[in-house]
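The next block is coords_23.txt, given as compact mmCIF, N, CA and C atoms.
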```
# COMPACT_ATOMS: atom_id res chain seq x y z
N ASP A 204 6.40 11.70 -23.19
CA ASP A 204 7.58 10.96 -22.79
C ASP A 204 7.33 9.46 -22.91
N SER A 205 6.21 9.03 -22.36
CA SER A 205 5.84 7.62 -22.42
C SER A 205 5.48 7.22 -23.85
N SER A 206 4.92 8.17 -24.62
CA SER A 206 4.58 7.86 -26.02
C SER A 206 5.84 7.66 -26.85
N GLN A 207 6.90 8.44 -26.54
CA GLN A 207 8.19 8.26 -27.24
C GLN A 207 8.78 6.88 -26.91
N ALA A 208 8.65 6.46 -25.67
CA ALA A 208 9.16 5.16 -25.26
C ALA A 208 8.41 4.04 -25.98
N LYS A 209 7.10 4.18 -26.09
CA LYS A 209 6.30 3.17 -26.79
C LYS A 209 6.66 3.13 -28.27
N GLU A 210 6.85 4.32 -28.84
CA GLU A 210 7.22 4.41 -30.27
C GLU A 210 8.59 3.78 -30.51
N ALA A 211 9.53 4.02 -29.60
CA ALA A 211 10.87 3.43 -29.71
C ALA A 211 10.81 1.93 -29.53
N ALA A 212 9.91 1.46 -28.67
CA ALA A 212 9.79 0.03 -28.42
C ALA A 212 9.26 -0.70 -29.65
N LEU A 213 8.48 -0.01 -30.45
CA LEU A 213 7.91 -0.63 -31.64
C LEU A 213 8.85 -0.54 -32.85
N ASP A 214 9.90 0.25 -32.75
CA ASP A 214 10.85 0.40 -33.85
C ASP A 214 11.71 -0.86 -33.96
N PRO A 215 11.60 -1.62 -35.06
CA PRO A 215 12.34 -2.89 -35.17
C PRO A 215 13.86 -2.70 -35.20
N TYR A 216 14.34 -1.53 -35.61
CA TYR A 216 15.79 -1.30 -35.67
C TYR A 216 16.39 -1.09 -34.28
N LEU A 217 15.58 -0.58 -33.36
CA LEU A 217 16.06 -0.35 -31.99
C LEU A 217 15.82 -1.55 -31.09
N SER A 218 14.99 -2.48 -31.53
CA SER A 218 14.60 -3.58 -30.65
C SER A 218 15.78 -4.45 -30.24
N LEU A 219 16.82 -4.51 -31.05
CA LEU A 219 17.99 -5.31 -30.70
C LEU A 219 18.74 -4.72 -29.51
N TYR A 220 18.64 -3.41 -29.33
CA TYR A 220 19.47 -2.74 -28.34
C TYR A 220 18.77 -2.43 -27.04
N SER A 221 17.50 -2.00 -27.10
CA SER A 221 16.89 -1.52 -25.86
C SER A 221 15.48 -2.04 -25.63
N HIS A 222 15.04 -2.99 -26.40
CA HIS A 222 13.69 -3.50 -26.24
C HIS A 222 13.65 -4.51 -25.09
N ALA A 223 12.67 -4.37 -24.23
CA ALA A 223 12.54 -5.31 -23.12
C ALA A 223 12.10 -6.66 -23.68
N ARG A 224 12.92 -7.64 -23.50
CA ARG A 224 12.59 -8.98 -23.98
C ARG A 224 11.56 -9.59 -23.06
N ARG A 225 10.62 -10.31 -23.61
CA ARG A 225 9.55 -10.87 -22.80
C ARG A 225 9.76 -12.35 -22.56
N HIS A 226 10.75 -12.67 -21.79
CA HIS A 226 10.97 -14.04 -21.36
C HIS A 226 10.37 -14.15 -19.96
N GLY A 227 9.05 -14.20 -19.91
CA GLY A 227 8.39 -14.26 -18.62
C GLY A 227 8.16 -12.88 -18.02
N CYS A 228 8.48 -11.82 -18.73
CA CYS A 228 8.30 -10.45 -18.24
C CYS A 228 6.85 -10.04 -18.47
N THR A 229 6.18 -9.59 -17.42
CA THR A 229 4.79 -9.18 -17.57
C THR A 229 4.72 -7.80 -18.21
N LYS A 230 3.55 -7.47 -18.74
CA LYS A 230 3.39 -6.20 -19.45
C LYS A 230 3.59 -5.00 -18.54
N ASP A 231 3.17 -5.12 -17.28
CA ASP A 231 3.32 -3.98 -16.36
C ASP A 231 4.79 -3.70 -16.07
N VAL A 232 5.61 -4.78 -15.97
CA VAL A 232 7.05 -4.60 -15.74
C VAL A 232 7.67 -3.99 -16.99
N ARG A 233 7.23 -4.42 -18.16
CA ARG A 233 7.74 -3.88 -19.41
C ARG A 233 7.42 -2.39 -19.53
N GLU A 234 6.18 -2.03 -19.18
CA GLU A 234 5.77 -0.63 -19.23
C GLU A 234 6.59 0.21 -18.25
N MET A 235 6.84 -0.33 -17.06
CA MET A 235 7.64 0.37 -16.07
C MET A 235 9.06 0.58 -16.59
N TYR A 236 9.63 -0.46 -17.25
CA TYR A 236 10.96 -0.34 -17.82
C TYR A 236 10.99 0.75 -18.89
N LEU A 237 10.00 0.72 -19.79
CA LEU A 237 9.97 1.71 -20.87
C LEU A 237 9.80 3.13 -20.34
N ALA A 238 9.03 3.28 -19.25
CA ALA A 238 8.79 4.61 -18.69
C ALA A 238 10.00 5.16 -17.94
N THR A 239 10.86 4.27 -17.40
CA THR A 239 11.96 4.74 -16.55
C THR A 239 13.35 4.58 -17.17
N ARG A 240 13.45 3.98 -18.33
CA ARG A 240 14.80 3.73 -18.87
C ARG A 240 15.56 5.01 -19.22
N ASN A 241 14.84 6.11 -19.50
CA ASN A 241 15.54 7.36 -19.81
C ASN A 241 16.11 8.02 -18.56
N LYS A 242 15.73 7.54 -17.37
CA LYS A 242 16.27 8.08 -16.12
C LYS A 242 17.60 7.43 -15.76
N VAL A 243 17.94 6.33 -16.40
CA VAL A 243 19.19 5.63 -16.11
C VAL A 243 20.31 6.31 -16.89
N PRO A 244 21.38 6.72 -16.21
CA PRO A 244 22.49 7.42 -16.87
C PRO A 244 23.19 6.52 -17.90
N ASN A 245 23.76 7.17 -18.90
CA ASN A 245 24.45 6.44 -19.97
C ASN A 245 25.90 6.10 -19.63
N ASN A 246 26.55 6.92 -18.81
CA ASN A 246 27.95 6.62 -18.50
C ASN A 246 28.09 6.08 -17.07
N ASP A 247 29.18 5.38 -16.85
CA ASP A 247 29.39 4.70 -15.57
C ASP A 247 29.55 5.65 -14.38
N ALA A 248 30.17 6.81 -14.60
CA ALA A 248 30.39 7.74 -13.50
C ALA A 248 29.06 8.27 -12.94
N GLU A 249 28.16 8.64 -13.84
CA GLU A 249 26.85 9.14 -13.41
C GLU A 249 26.05 8.02 -12.75
N LEU A 250 26.15 6.81 -13.31
CA LEU A 250 25.44 5.67 -12.74
C LEU A 250 25.93 5.37 -11.32
N LYS A 251 27.25 5.41 -11.13
CA LYS A 251 27.82 5.16 -9.80
C LYS A 251 27.34 6.23 -8.82
N ALA A 252 27.35 7.49 -9.25
CA ALA A 252 26.90 8.58 -8.38
C ALA A 252 25.44 8.38 -7.97
N MET A 253 24.62 7.94 -8.91
CA MET A 253 23.20 7.72 -8.63
C MET A 253 23.02 6.53 -7.67
N LEU A 254 23.81 5.49 -7.84
CA LEU A 254 23.73 4.33 -6.96
C LEU A 254 24.16 4.69 -5.54
N VAL A 255 25.22 5.51 -5.41
CA VAL A 255 25.68 5.95 -4.09
C VAL A 255 24.62 6.84 -3.45
N GLU A 256 24.04 7.72 -4.25
CA GLU A 256 23.02 8.64 -3.75
C GLU A 256 21.81 7.89 -3.20
N ASN A 257 21.44 6.78 -3.83
CA ASN A 257 20.29 5.99 -3.40
C ASN A 257 20.67 4.86 -2.45
N LYS A 258 21.91 4.92 -1.94
CA LYS A 258 22.44 3.97 -0.96
C LYS A 258 22.41 2.52 -1.44
N LEU A 259 22.61 2.33 -2.75
CA LEU A 259 22.72 0.99 -3.31
C LEU A 259 24.18 0.57 -3.46
N LEU A 260 25.06 1.54 -3.22
CA LEU A 260 26.50 1.31 -3.33
C LEU A 260 27.17 2.20 -2.29
N GLU A 261 28.19 1.66 -1.62
CA GLU A 261 28.94 2.46 -0.64
C GLU A 261 29.84 3.45 -1.38
N PRO A 262 30.11 4.62 -0.79
CA PRO A 262 30.93 5.63 -1.48
C PRO A 262 32.31 5.12 -1.94
N GLY A 263 32.98 4.29 -1.16
CA GLY A 263 34.30 3.81 -1.57
C GLY A 263 34.26 2.50 -2.34
N GLU A 264 33.07 1.91 -2.48
CA GLU A 264 32.93 0.60 -3.11
C GLU A 264 33.12 0.68 -4.62
N GLU A 265 33.81 -0.30 -5.15
CA GLU A 265 34.05 -0.35 -6.59
C GLU A 265 32.79 -0.88 -7.28
N MET A 266 32.43 -0.28 -8.40
CA MET A 266 31.24 -0.70 -9.12
C MET A 266 31.62 -1.81 -10.10
N ARG A 267 31.32 -3.04 -9.72
CA ARG A 267 31.61 -4.17 -10.61
C ARG A 267 30.64 -5.29 -10.30
N ARG A 268 30.50 -6.18 -11.24
CA ARG A 268 29.60 -7.31 -11.05
C ARG A 268 30.25 -8.34 -10.15
N ALA A 269 29.42 -9.04 -9.40
CA ALA A 269 29.93 -10.11 -8.56
C ALA A 269 30.44 -11.24 -9.45
N ARG A 270 31.51 -11.89 -8.99
CA ARG A 270 32.06 -13.00 -9.78
C ARG A 270 31.06 -14.14 -9.82
N LEU A 271 31.07 -14.83 -10.94
CA LEU A 271 30.22 -16.02 -11.05
C LEU A 271 30.79 -17.10 -10.14
N GLN A 272 29.91 -17.75 -9.43
CA GLN A 272 30.37 -18.81 -8.55
C GLN A 272 30.68 -20.05 -9.37
N LYS A 273 31.73 -20.74 -8.95
CA LYS A 273 32.11 -21.96 -9.64
C LYS A 273 31.05 -23.02 -9.37
N ARG A 274 30.60 -23.68 -10.43
CA ARG A 274 29.60 -24.72 -10.25
C ARG A 274 30.25 -25.93 -9.61
N SER A 275 29.64 -26.39 -8.56
CA SER A 275 30.23 -27.51 -7.84
C SER A 275 29.84 -28.83 -8.50
N ASN A 276 30.60 -29.84 -8.20
CA ASN A 276 30.35 -31.17 -8.74
C ASN A 276 29.48 -31.97 -7.78
N VAL A 277 28.59 -31.26 -7.06
CA VAL A 277 27.76 -31.90 -6.04
C VAL A 277 26.31 -31.54 -6.33
N ASP A 278 25.41 -32.53 -6.22
CA ASP A 278 24.00 -32.25 -6.44
C ASP A 278 23.37 -31.69 -5.16
N ASN A 279 22.05 -31.55 -5.14
CA ASN A 279 21.36 -30.93 -4.00
C ASN A 279 21.48 -31.73 -2.71
N ASP A 280 21.71 -33.04 -2.82
CA ASP A 280 21.83 -33.88 -1.63
C ASP A 280 23.25 -33.91 -1.08
N GLY A 281 24.19 -33.27 -1.73
CA GLY A 281 25.57 -33.29 -1.28
C GLY A 281 26.37 -34.44 -1.85
N LYS A 282 25.73 -35.26 -2.70
CA LYS A 282 26.44 -36.38 -3.32
C LYS A 282 27.07 -35.91 -4.62
N PRO A 283 28.20 -36.51 -5.00
CA PRO A 283 28.81 -36.13 -6.28
C PRO A 283 27.88 -36.45 -7.44
N LYS A 284 27.84 -35.54 -8.42
CA LYS A 284 26.99 -35.77 -9.59
C LYS A 284 27.53 -36.94 -10.41
N LYS A 285 26.61 -37.71 -10.95
CA LYS A 285 27.02 -38.83 -11.79
C LYS A 285 27.42 -38.30 -13.16
N ARG A 286 28.49 -38.81 -13.70
CA ARG A 286 28.93 -38.40 -15.03
C ARG A 286 28.14 -39.15 -16.08
N ARG A 287 27.87 -38.49 -17.15
CA ARG A 287 27.19 -39.14 -18.27
C ARG A 287 28.24 -39.55 -19.28
N TYR A 288 28.18 -40.76 -19.68
CA TYR A 288 29.15 -41.25 -20.66
C TYR A 288 28.45 -41.40 -22.00
N TYR A 289 29.01 -40.80 -23.00
CA TYR A 289 28.46 -40.87 -24.34
C TYR A 289 29.43 -41.64 -25.22
N GLU A 290 28.88 -42.49 -26.04
CA GLU A 290 29.72 -43.23 -26.97
C GLU A 290 30.05 -42.30 -28.13
N ARG A 291 31.32 -42.20 -28.45
CA ARG A 291 31.73 -41.36 -29.58
C ARG A 291 31.38 -42.05 -30.87
N LYS A 292 30.96 -41.26 -31.85
CA LYS A 292 30.61 -41.83 -33.15
C LYS A 292 31.86 -42.36 -33.84
N ASN A 293 31.69 -43.45 -34.54
CA ASN A 293 32.77 -44.08 -35.30
C ASN A 293 33.99 -44.35 -34.43
N GLN A 294 33.75 -44.80 -33.22
CA GLN A 294 34.86 -45.09 -32.32
C GLN A 294 35.56 -46.36 -32.76
N ARG A 295 36.85 -46.27 -32.87
CA ARG A 295 37.65 -47.40 -33.35
C ARG A 295 37.95 -48.35 -32.20
N MET A 296 37.87 -49.63 -32.46
CA MET A 296 38.20 -50.63 -31.45
C MET A 296 39.72 -50.65 -31.31
N THR A 297 40.18 -50.40 -30.08
CA THR A 297 41.63 -50.27 -29.89
C THR A 297 42.30 -51.59 -29.58
N ASN A 298 41.55 -52.53 -29.00
CA ASN A 298 42.18 -53.81 -28.66
C ASN A 298 42.00 -54.79 -29.83
N THR A 299 42.65 -54.45 -30.95
CA THR A 299 42.51 -55.24 -32.18
C THR A 299 43.12 -56.63 -32.04
N HIS A 300 44.00 -56.83 -31.08
CA HIS A 300 44.60 -58.15 -30.91
C HIS A 300 43.58 -59.19 -30.45
N LEU A 301 42.37 -58.70 -30.00
CA LEU A 301 41.33 -59.63 -29.56
C LEU A 301 40.38 -60.03 -30.68
N GLU A 302 40.48 -59.37 -31.85
CA GLU A 302 39.61 -59.71 -32.98
C GLU A 302 39.88 -61.15 -33.40
N GLY A 303 38.79 -61.86 -33.66
CA GLY A 303 38.90 -63.25 -34.06
C GLY A 303 38.94 -64.20 -32.88
N THR A 304 38.92 -63.67 -31.65
CA THR A 304 38.91 -64.52 -30.46
C THR A 304 37.52 -64.48 -29.84
N GLU A 305 37.30 -65.31 -28.84
CA GLU A 305 36.01 -65.36 -28.16
C GLU A 305 35.71 -64.05 -27.44
N ILE A 306 36.73 -63.49 -26.78
CA ILE A 306 36.57 -62.22 -26.07
C ILE A 306 36.26 -61.10 -27.05
N GLY A 307 36.91 -61.11 -28.20
CA GLY A 307 36.67 -60.11 -29.23
C GLY A 307 35.24 -60.15 -29.73
N ALA A 308 34.69 -61.37 -29.87
CA ALA A 308 33.30 -61.53 -30.31
C ALA A 308 32.34 -60.97 -29.26
N VAL A 309 32.63 -61.21 -27.98
CA VAL A 309 31.80 -60.68 -26.90
C VAL A 309 31.83 -59.15 -26.90
N LEU A 310 33.02 -58.58 -27.07
CA LEU A 310 33.16 -57.12 -27.11
C LEU A 310 32.41 -56.53 -28.30
N ARG A 311 32.49 -57.19 -29.44
CA ARG A 311 31.81 -56.71 -30.65
C ARG A 311 30.29 -56.73 -30.44
N ARG A 312 29.76 -57.84 -29.86
CA ARG A 312 28.31 -57.94 -29.62
C ARG A 312 27.86 -56.84 -28.63
N ALA A 313 28.69 -56.61 -27.60
CA ALA A 313 28.36 -55.57 -26.62
C ALA A 313 28.33 -54.19 -27.28
N ALA A 314 29.28 -53.93 -28.17
CA ALA A 314 29.33 -52.64 -28.86
C ALA A 314 28.11 -52.47 -29.75
N ASP A 315 27.70 -53.54 -30.43
CA ASP A 315 26.51 -53.47 -31.28
C ASP A 315 25.25 -53.23 -30.45
N LYS A 316 25.15 -53.90 -29.30
CA LYS A 316 24.01 -53.69 -28.41
C LYS A 316 23.95 -52.25 -27.93
N GLN A 317 25.12 -51.72 -27.59
CA GLN A 317 25.19 -50.35 -27.07
C GLN A 317 24.78 -49.36 -28.14
N LYS A 318 25.14 -49.62 -29.39
CA LYS A 318 24.76 -48.73 -30.50
C LYS A 318 23.25 -48.70 -30.67
N GLN A 319 22.59 -49.82 -30.36
CA GLN A 319 21.13 -49.90 -30.48
C GLN A 319 20.43 -49.29 -29.26
N GLY A 320 21.21 -48.86 -28.29
CA GLY A 320 20.65 -48.21 -27.11
C GLY A 320 20.32 -49.15 -25.98
N GLU A 321 20.72 -50.40 -26.10
CA GLU A 321 20.45 -51.37 -25.04
C GLU A 321 21.49 -51.26 -23.94
N SER A 322 21.11 -51.71 -22.74
CA SER A 322 22.02 -51.70 -21.61
C SER A 322 23.02 -52.82 -21.74
N VAL A 323 24.28 -52.54 -21.44
CA VAL A 323 25.34 -53.53 -21.54
C VAL A 323 26.03 -53.64 -20.20
N GLY A 324 26.17 -54.84 -19.68
CA GLY A 324 26.90 -55.04 -18.43
C GLY A 324 26.08 -54.66 -17.22
N ASP A 325 26.74 -54.58 -16.08
CA ASP A 325 26.07 -54.29 -14.81
C ASP A 325 26.37 -52.87 -14.32
N GLY A 326 26.89 -52.02 -15.19
CA GLY A 326 27.18 -50.64 -14.80
C GLY A 326 28.41 -50.51 -13.94
N GLY A 327 29.28 -51.52 -13.95
CA GLY A 327 30.52 -51.45 -13.19
C GLY A 327 30.35 -51.84 -11.74
N MET A 328 29.22 -52.40 -11.40
CA MET A 328 28.98 -52.79 -10.00
C MET A 328 29.52 -54.18 -9.74
```
How does the structure come out when it is put into structure tokens?
Amino acid sequence: DSSQAKEAALDPYLSLYSHARRHGCTKDVREMYLATRNKVPNNDAELKAMLVENKLLEPGEEMRRARLQKRSNVDNDGKPKKRRYYERKNQRMTNTHLEGTEIGAVLRRAADKQKQGESVGDGGM
């Protein structure tokens, strides 16, 4: 039985479907998975019956995954997360009426500095 599981694990055509991926999975856990995967029922009705039998699910409880929790906009300290602002490539200057003026020259120099990765301004403070 275990030899069939090992043989199936080495089959490259089956690896997409039932091979235990080793993203931090130790060999002993992988071996345990390969040895016990044939005990897991293929259809949902049998799986639910087995879960109820082993008291992992209440008899009237619906078998479904828990909803994913909405990610909050708060970091670990309870403060709102800071937004990252990225400059869009080939961004067009919208205040074209300032071109050729002193303010337009300042804006152009600031945009060039920002493209080079330098800090511009005081961060809105």
query = How far is it from atom N of Arg267 (chain A) to CA of Glu234 (chain A), in Å with one decimal?
reply =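 Result for atom N of Arg267 (chain A) versus CA of Glu234 (chain A): 27.4 Å, one decimal.
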message = As an exercise, work out the distance from atom C of Glu210 (chain A) to CA of Leu237 (chain A) in Å and give it to one decimal place.
response =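 Atom-to-atom, atom C of Glu210 (chain A) to CA of Leu237 (chain A), that is 10.0 Å.
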Box in all listed atoms of region 210-215 of chain A, axis-aligned, with 6 Å more on each side; write out centre and edge lengths in Å to one decimal as AutoDock Vina command-line options.
```
--center_x 10.4 --center_y 0.8 --center_z -31.8 --size_x 19.0 --size_y 19.3 --size_z 18.8
```
Atom pair CA of Gln317 (chain A) + CA of Val277 (chain A), distance 28.1 Å
